[in-house]
Structures are given as structure tokens and as C-alpha cells.
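What follows is input-v7.cif (mmCIF, C-alpha atoms).
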```
data_run
loop_
_atom_site.group_PDB
_atom_site.id
_atom_site.type_symbol
_atom_site.label_atom_id
_atom_site.label_comp_id
_atom_site.auth_asym_id
_atom_site.auth_seq_id
_atom_site.Cartn_x
_atom_site.Cartn_y
_atom_site.Cartn_z
ATOM 1 C CA MET A 1 12.616 -25.350 15.604
ATOM 2 C CA ALA A 2 15.404 -24.459 13.156
ATOM 3 C CA ASN A 3 12.844 -23.332 10.582
ATOM 4 C CA GLN A 4 10.922 -21.111 12.986
ATOM 5 C CA ARG A 5 11.429 -17.390 13.162
ATOM 6 C CA LEU A 6 12.812 -15.917 16.382
ATOM 7 C CA PRO A 7 10.343 -13.656 18.259
ATOM 8 C CA ASN A 8 12.380 -10.480 17.639
ATOM 9 C CA GLN A 9 13.321 -11.361 14.053
ATOM 10 C CA SER A 10 11.563 -9.729 11.094
ATOM 11 C CA ASN A 11 10.342 -11.786 8.140
ATOM 12 C CA GLU A 12 13.046 -10.223 5.991
ATOM 13 C CA GLU A 13 15.822 -11.153 8.454
ATOM 14 C CA TRP A 14 14.499 -14.695 8.732
ATOM 15 C CA LEU A 15 14.350 -15.128 4.942
ATOM 16 C CA LYS A 16 17.890 -13.786 4.597
ATOM 17 C CA SER A 17 19.162 -16.185 7.266
ATOM 18 C CA LYS A 18 17.629 -19.084 5.288
ATOM 19 C CA LYS A 19 19.098 -17.708 2.031
ATOM 20 C CA ARG A 20 15.584 -17.470 0.598
ATOM 21 C CA THR A 21 15.848 -13.952 -0.789
ATOM 22 C CA CYS A 22 16.889 -12.565 -4.139
ATOM 23 C CA ILE A 23 20.246 -10.910 -4.781
ATOM 24 C CA GLN A 24 18.682 -7.435 -4.652
ATOM 25 C CA SER A 25 17.182 -8.163 -1.248
ATOM 26 C CA ASN A 26 20.540 -9.286 0.098
ATOM 27 C CA THR A 27 22.186 -6.073 -1.078
ATOM 28 C CA ALA A 28 19.323 -3.698 -0.209
ATOM 29 C CA SER A 29 20.956 -2.680 3.058
ATOM 30 C CA ARG A 30 23.713 -0.923 1.107
ATOM 31 C CA ILE A 31 23.194 2.700 0.172
ATOM 32 C CA ASN A 32 21.600 3.002 -3.236
ATOM 33 C CA LYS A 33 22.645 6.307 -4.787
ATOM 34 C CA ASN A 34 19.727 6.183 -7.244
ATOM 35 C CA PHE A 35 17.245 6.501 -4.369
ATOM 36 C CA SER A 36 17.919 9.341 -2.012
ATOM 37 C CA ILE A 37 15.718 11.391 0.231
ATOM 38 C CA ARG A 38 16.548 14.994 -0.507
ATOM 39 C CA TYR A 39 14.957 16.766 2.429
ATOM 40 C CA GLY A 40 15.615 14.268 5.209
ATOM 41 C CA LYS A 41 13.439 11.582 6.672
ATOM 42 C CA PRO A 42 10.273 12.432 8.581
ATOM 43 C CA ARG A 43 10.763 12.831 12.332
ATOM 44 C CA LYS A 44 7.890 10.463 13.086
ATOM 45 C CA PRO A 45 6.432 7.483 11.218
ATOM 46 C CA LEU A 46 4.179 8.409 8.300
ATOM 47 C CA SER A 47 0.536 7.442 8.697
ATOM 48 C CA VAL A 48 -0.349 5.726 5.431
ATOM 49 C CA GLY A 49 -3.705 4.742 3.954
ATOM 50 C CA SER A 50 -3.710 2.312 1.049
ATOM 51 C CA LEU A 51 -6.571 1.785 -1.412
ATOM 52 C CA PHE A 52 -6.589 -0.695 -4.291
ATOM 53 C CA SER A 53 -3.636 -2.054 -2.341
ATOM 54 C CA GLY A 54 -2.744 -5.101 -4.381
ATOM 55 C CA ILE A 55 0.135 -6.987 -2.800
ATOM 56 C CA GLY A 56 1.527 -3.804 -1.270
ATOM 57 C CA GLY A 57 4.058 -2.618 -3.835
ATOM 58 C CA PHE A 58 4.013 0.960 -2.625
ATOM 59 C CA GLU A 59 4.418 -0.134 0.982
ATOM 60 C CA GLN A 60 7.414 -2.180 -0.150
ATOM 61 C CA SER A 61 8.973 0.959 -1.623
ATOM 62 C CA LEU A 62 8.616 2.689 1.754
ATOM 63 C CA LYS A 63 10.472 -0.236 3.327
ATOM 64 C CA PHE A 64 13.136 -0.058 0.614
ATOM 65 C CA LEU A 65 13.659 3.624 1.401
ATOM 66 C CA ARG A 66 13.850 2.731 5.111
ATOM 67 C CA LEU A 67 10.958 5.060 5.950
ATOM 68 C CA GLU A 68 9.029 4.276 9.090
ATOM 69 C CA PHE A 69 5.280 4.165 8.577
ATOM 70 C CA ASP A 70 2.063 3.138 10.288
ATOM 71 C CA LEU A 71 -0.454 1.562 7.968
ATOM 72 C CA VAL A 72 -3.800 3.014 9.007
ATOM 73 C CA PHE A 73 -5.866 0.929 6.567
ATOM 74 C CA ALA A 74 -5.609 -1.081 3.369
ATOM 75 C CA CYS A 75 -8.303 -2.064 0.895
ATOM 76 C CA ASP A 76 -8.579 -4.530 -1.970
ATOM 77 C CA ASN A 77 -11.399 -6.819 -3.063
ATOM 78 C CA ASP A 78 -9.315 -9.924 -3.849
ATOM 79 C CA LYS A 79 -8.859 -12.480 -1.049
ATOM 80 C CA PHE A 80 -5.673 -13.885 -2.645
ATOM 81 C CA VAL A 81 -4.206 -10.405 -2.896
ATOM 82 C CA LYS A 82 -4.987 -9.996 0.803
ATOM 83 C CA GLN A 83 -3.015 -13.146 1.607
ATOM 84 C CA SER A 84 0.007 -11.801 -0.268
ATOM 85 C CA PHE A 85 -0.350 -8.369 1.310
ATOM 86 C CA PHE A 86 -0.420 -9.884 4.799
ATOM 87 C CA ALA A 87 2.585 -12.082 3.982
ATOM 88 C CA ASN A 88 4.527 -9.059 2.714
ATOM 89 C CA HIS A 89 3.486 -6.593 5.414
ATOM 90 C CA ALA A 90 2.472 -8.598 8.491
ATOM 91 C CA GLU A 91 4.246 -6.144 10.782
ATOM 92 C CA HIS A 92 2.059 -3.265 9.522
ATOM 93 C CA ILE A 93 -1.405 -4.769 9.077
ATOM 94 C CA THR A 94 -4.098 -6.447 11.179
ATOM 95 C CA GLU A 95 -7.489 -7.836 10.190
ATOM 96 C CA ASN A 96 -9.367 -4.804 11.509
ATOM 97 C CA LYS A 97 -7.348 -2.505 9.223
ATOM 98 C CA TRP A 98 -8.236 -4.458 6.058
ATOM 99 C CA HIS A 99 -11.287 -3.585 3.941
ATOM 100 C CA TYR A 100 -12.630 -5.424 0.902
ATOM 101 C CA ASN A 101 -14.883 -2.782 -0.598
ATOM 102 C CA ILE A 102 -13.998 0.871 -1.117
ATOM 103 C CA GLU A 103 -17.673 1.878 -1.312
ATOM 104 C CA ASP A 104 -18.385 0.326 2.104
ATOM 105 C CA PHE A 105 -15.170 1.855 3.438
ATOM 106 C CA ASN A 106 -16.331 5.304 2.284
ATOM 107 C CA LYS A 107 -19.750 4.883 3.905
ATOM 108 C CA LYS A 108 -18.629 3.413 7.229
ATOM 109 C CA GLU A 109 -14.955 4.136 7.909
ATOM 110 C CA ALA A 110 -13.416 6.964 5.887
ATOM 111 C CA HIS A 111 -14.764 9.760 8.095
ATOM 112 C CA LYS A 112 -12.901 8.249 11.089
ATOM 113 C CA HIS A 113 -9.589 9.015 9.375
ATOM 114 C CA LYS A 114 -10.254 12.663 8.495
ATOM 115 C CA ASP A 115 -7.063 14.732 8.850
ATOM 116 C CA LYS A 116 -5.208 11.731 10.362
ATOM 117 C CA VAL A 117 -3.494 10.362 7.231
ATOM 118 C CA ASP A 118 -0.177 11.768 6.029
ATOM 119 C CA LEU A 119 -0.105 9.816 2.771
ATOM 120 C CA LEU A 120 -2.995 8.214 0.880
ATOM 121 C CA ILE A 121 -1.959 5.917 -1.951
ATOM 122 C CA GLY A 122 -3.971 4.105 -4.557
ATOM 123 C CA GLY A 123 -4.585 3.340 -8.162
ATOM 124 C CA PRO A 124 -8.168 2.521 -9.123
ATOM 125 C CA PRO A 125 -8.527 -0.349 -11.622
ATOM 126 C CA CYS A 126 -7.092 0.671 -14.968
ATOM 127 C CA GLN A 127 -8.686 -1.918 -17.276
ATOM 128 C CA SER A 128 -11.465 0.487 -18.294
ATOM 129 C CA PHE A 129 -8.991 3.134 -19.434
ATOM 130 C CA SER A 130 -5.977 1.144 -20.611
ATOM 131 C CA VAL A 131 -5.107 1.103 -24.325
ATOM 132 C CA ILE A 132 -4.923 -2.671 -23.998
ATOM 133 C CA GLY A 133 -8.264 -2.992 -22.170
ATOM 134 C CA LYS A 134 -11.809 -2.971 -23.505
ATOM 135 C CA HIS A 135 -12.090 0.830 -23.301
ATOM 136 C CA GLY A 136 -15.255 0.720 -21.206
ATOM 137 C CA GLY A 137 -14.320 3.980 -19.493
ATOM 138 C CA LEU A 138 -16.885 5.220 -17.031
ATOM 139 C CA SER A 139 -19.554 2.866 -18.398
ATOM 140 C CA ASP A 140 -17.563 -0.019 -16.870
ATOM 141 C CA ALA A 141 -18.218 -0.536 -13.138
ATOM 142 C CA ARG A 142 -14.475 -0.707 -12.505
ATOM 143 C CA GLY A 143 -14.026 2.648 -14.205
ATOM 144 C CA ASN A 144 -16.423 4.286 -11.766
ATOM 145 C CA LEU A 145 -14.162 3.341 -8.853
ATOM 146 C CA VAL A 146 -12.158 6.420 -9.820
ATOM 147 C CA TYR A 147 -14.982 8.456 -8.266
ATOM 148 C CA GLU A 148 -14.816 6.382 -5.078
ATOM 149 C CA TYR A 149 -11.131 7.177 -4.784
ATOM 150 C CA ILE A 150 -11.861 10.878 -5.233
ATOM 151 C CA LYS A 151 -14.593 10.663 -2.547
ATOM 152 C CA THR A 152 -12.086 9.029 -0.205
ATOM 153 C CA ILE A 153 -9.556 11.794 -0.796
ATOM 154 C CA LYS A 154 -12.204 14.402 0.061
ATOM 155 C CA LYS A 155 -13.421 12.557 3.175
ATOM 156 C CA ILE A 156 -9.991 11.786 4.598
ATOM 157 C CA ASN A 157 -8.230 14.999 3.570
ATOM 158 C CA PRO A 158 -4.714 13.500 3.605
ATOM 159 C CA LYS A 159 -1.642 15.742 3.669
ATOM 160 C CA VAL A 160 -0.526 14.119 0.410
ATOM 161 C CA PHE A 161 -2.136 11.615 -1.944
ATOM 162 C CA ILE A 162 -0.822 9.591 -4.848
ATOM 163 C CA PHE A 163 -3.298 8.753 -7.597
ATOM 164 C CA GLU A 164 -1.700 6.179 -9.881
ATOM 165 C CA ASN A 165 -3.335 5.129 -13.129
ATOM 166 C CA VAL A 166 -2.840 4.810 -16.885
ATOM 167 C CA ARG A 167 -2.647 7.511 -19.555
ATOM 168 C CA GLY A 168 -6.088 6.585 -20.945
ATOM 169 C CA LEU A 169 -7.737 7.999 -17.835
ATOM 170 C CA MET A 170 -6.876 11.500 -19.010
#
```

Spell out the structure here as C-alpha cells.
Amino acid sequence: MANQRLPNQSNEEWLKSKKRTCIQSNTASRINKNFSIRYGKPRKPLSVGSLFSGIGGFEQSLKFLRLEFDLVFACDNDKFVKQSFFANHAEHITENKWHYNIEDFNKKEAHKHKDKVDLLIGGPPCQSFSVIGKHGGLSDARGNLVYEYIKTIKKINPKVFIFENVRGLM
């Protein structure tokens, strides 16, 4: 029973109580002058869509900034990444919000989110465009996922989107 989380306790609080967090996590509740929100916090939680989600690094930054958000959907094709994402963001994600394939998501789900997403985040695979990669560009199947991300942006019409990638994409 001592190792179990209390019903009203977040994962972060539980880990801190067990001293299983890093130094930065233990001090994160202090004001960090390097990260400030210049125009005030939103009045309501942001509705966020996440593509090529990975383990949820961007979502973690929203937590770090203490911004409230509702995760509308997340998408990544790696089952191990999904496990990490769910471990990191269990309070924001459920099975029905997770998608494995952006092409299927675009065909079957994206239209349901039109004009309902405040912030769409994602970074299509960069291996095709990276200076370290094989330089396959758009002839590599992963490189063509850039177009899927663009289709998603058009279908969902978010208020804001973040398109993260490497310099070689230009």
C-alpha cells in the first residue's frame, strides 16, 4: 500500500514523494525567469492535437509552463513510444485519442476536429532530410509524411500550428 499512488495524487507528486525525480523536477515549482509567458495565460485550457508525438516532449513543456491543456488526439506509429507517452501523460490521454497512422487519421478522423484545435504540434520524421541521414528526401516514404502533416493542418484548421523539422527540409 505504501508504494501505491493516492487517488487524488498526480504521477509527478507521487514520484516526488518517493524521491524518484531528478533535481530539476524537484525545483520546477519555483519560478523560472528564463521561461515567462508575456501576454498572460489562456483563460481556458488549450485544446491540443499532437502528431508524430514521440514520448510527448512538447506536452511536457506545456506542463513545465503550467499551462492547462486538453489533449484532443495524439499519433505515433511506435508501440513503445505509445507506452512512454501514456506513462508521461496518463492524465491527458485515453486509448480512443491515440492513433498509429497519420494517413488513416487523415482519412477517418481529422475532419471531426475541424476548427476545434487551438494548437496543432508535430514534426514529421526528419531522417529523409537530415544532414546525417541518407538524404532520401521525398523519394523516401518517411519524407512524404510531410505532406500528410500539411493535409492535417488544412483539414483541422487549427488556430496555431507548430511544424518542427530539420534545416534540410528547406

- Task: Within 10 Å of (-5.8, -2.9, 11.2) (coordinates as in the file), grab all the protein and nucleic acid residues, counting only C-alpha atoms, and write them out as a ChimeraX atom specification.
- Result: /A:70-74,92-99

Those selected residues, please, written with C-alpha atoms and delivered as a compact mmCIF listing (two decimals), keeping the file's coordinate frame.
```txt
# COMPACT_ATOMS: atom_id res chain seq x y z
CA ASP A 70 2.06 3.14 10.29
CA LEU A 71 -0.45 1.56 7.97
CA VAL A 72 -3.80 3.01 9.01
CA PHE A 73 -5.87 0.93 6.57
CA ALA A 74 -5.61 -1.08 3.37
CA HIS A 92 2.06 -3.26 9.52
CA ILE A 93 -1.40 -4.77 9.08
CA THR A 94 -4.10 -6.45 11.18
CA GLU A 95 -7.49 -7.84 10.19
CA ASN A 96 -9.37 -4.80 11.51
CA LYS A 97 -7.35 -2.50 9.22
CA TRP A 98 -8.24 -4.46 6.06
CA HIS A 99 -11.29 -3.58 3.94
```

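One finds CA of Phe69 in chain A at 22.5 Å from CA of Asn106 in chain A.
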
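Comparing A:Val146, A:Ile55, A:Ile121, A:Leu6 by their smallest distance to His89 in chain A, the closest is A:Ile55 (using all atoms listed in the file).
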
- Task: Could you tell me which residues the PyMOL selection byres ((chain A and resi 68) around 12) returns for this structure, as a ChimeraX atom specification?
- Result: /A:41-48,59-67,69-71,91-92

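Note that the spacing between CA of Asp78 in chain A and CA of Gln9 in chain A amounts to 28.9 Å.
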
- Task: Kindly give the distance, in Å, that separates CA of Pro158 in chain A and CA of Lys114 in chain A, rounded to a single decimal.
- Result: 7.4 Å

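Picked out by the PyMOL selection byres ((chain A and resi 75) around 9) when it runs on this file: Gly49, Ser50, Leu51, Phe52, Ser53, Gly54, Phe73, Ala74, Asp76, Asn77, Lys82, Lys97, Trp98, His99, Tyr100, Asn101, Ile102 and Phe105 of chain A.
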
- Expanded to explicit residues, what is the PyMOL selection byres ((chain A and resi 112) around 12) for this file, as a PyMOL selection string? chain A and resi 72-73+105-111+113-117+152+155-157
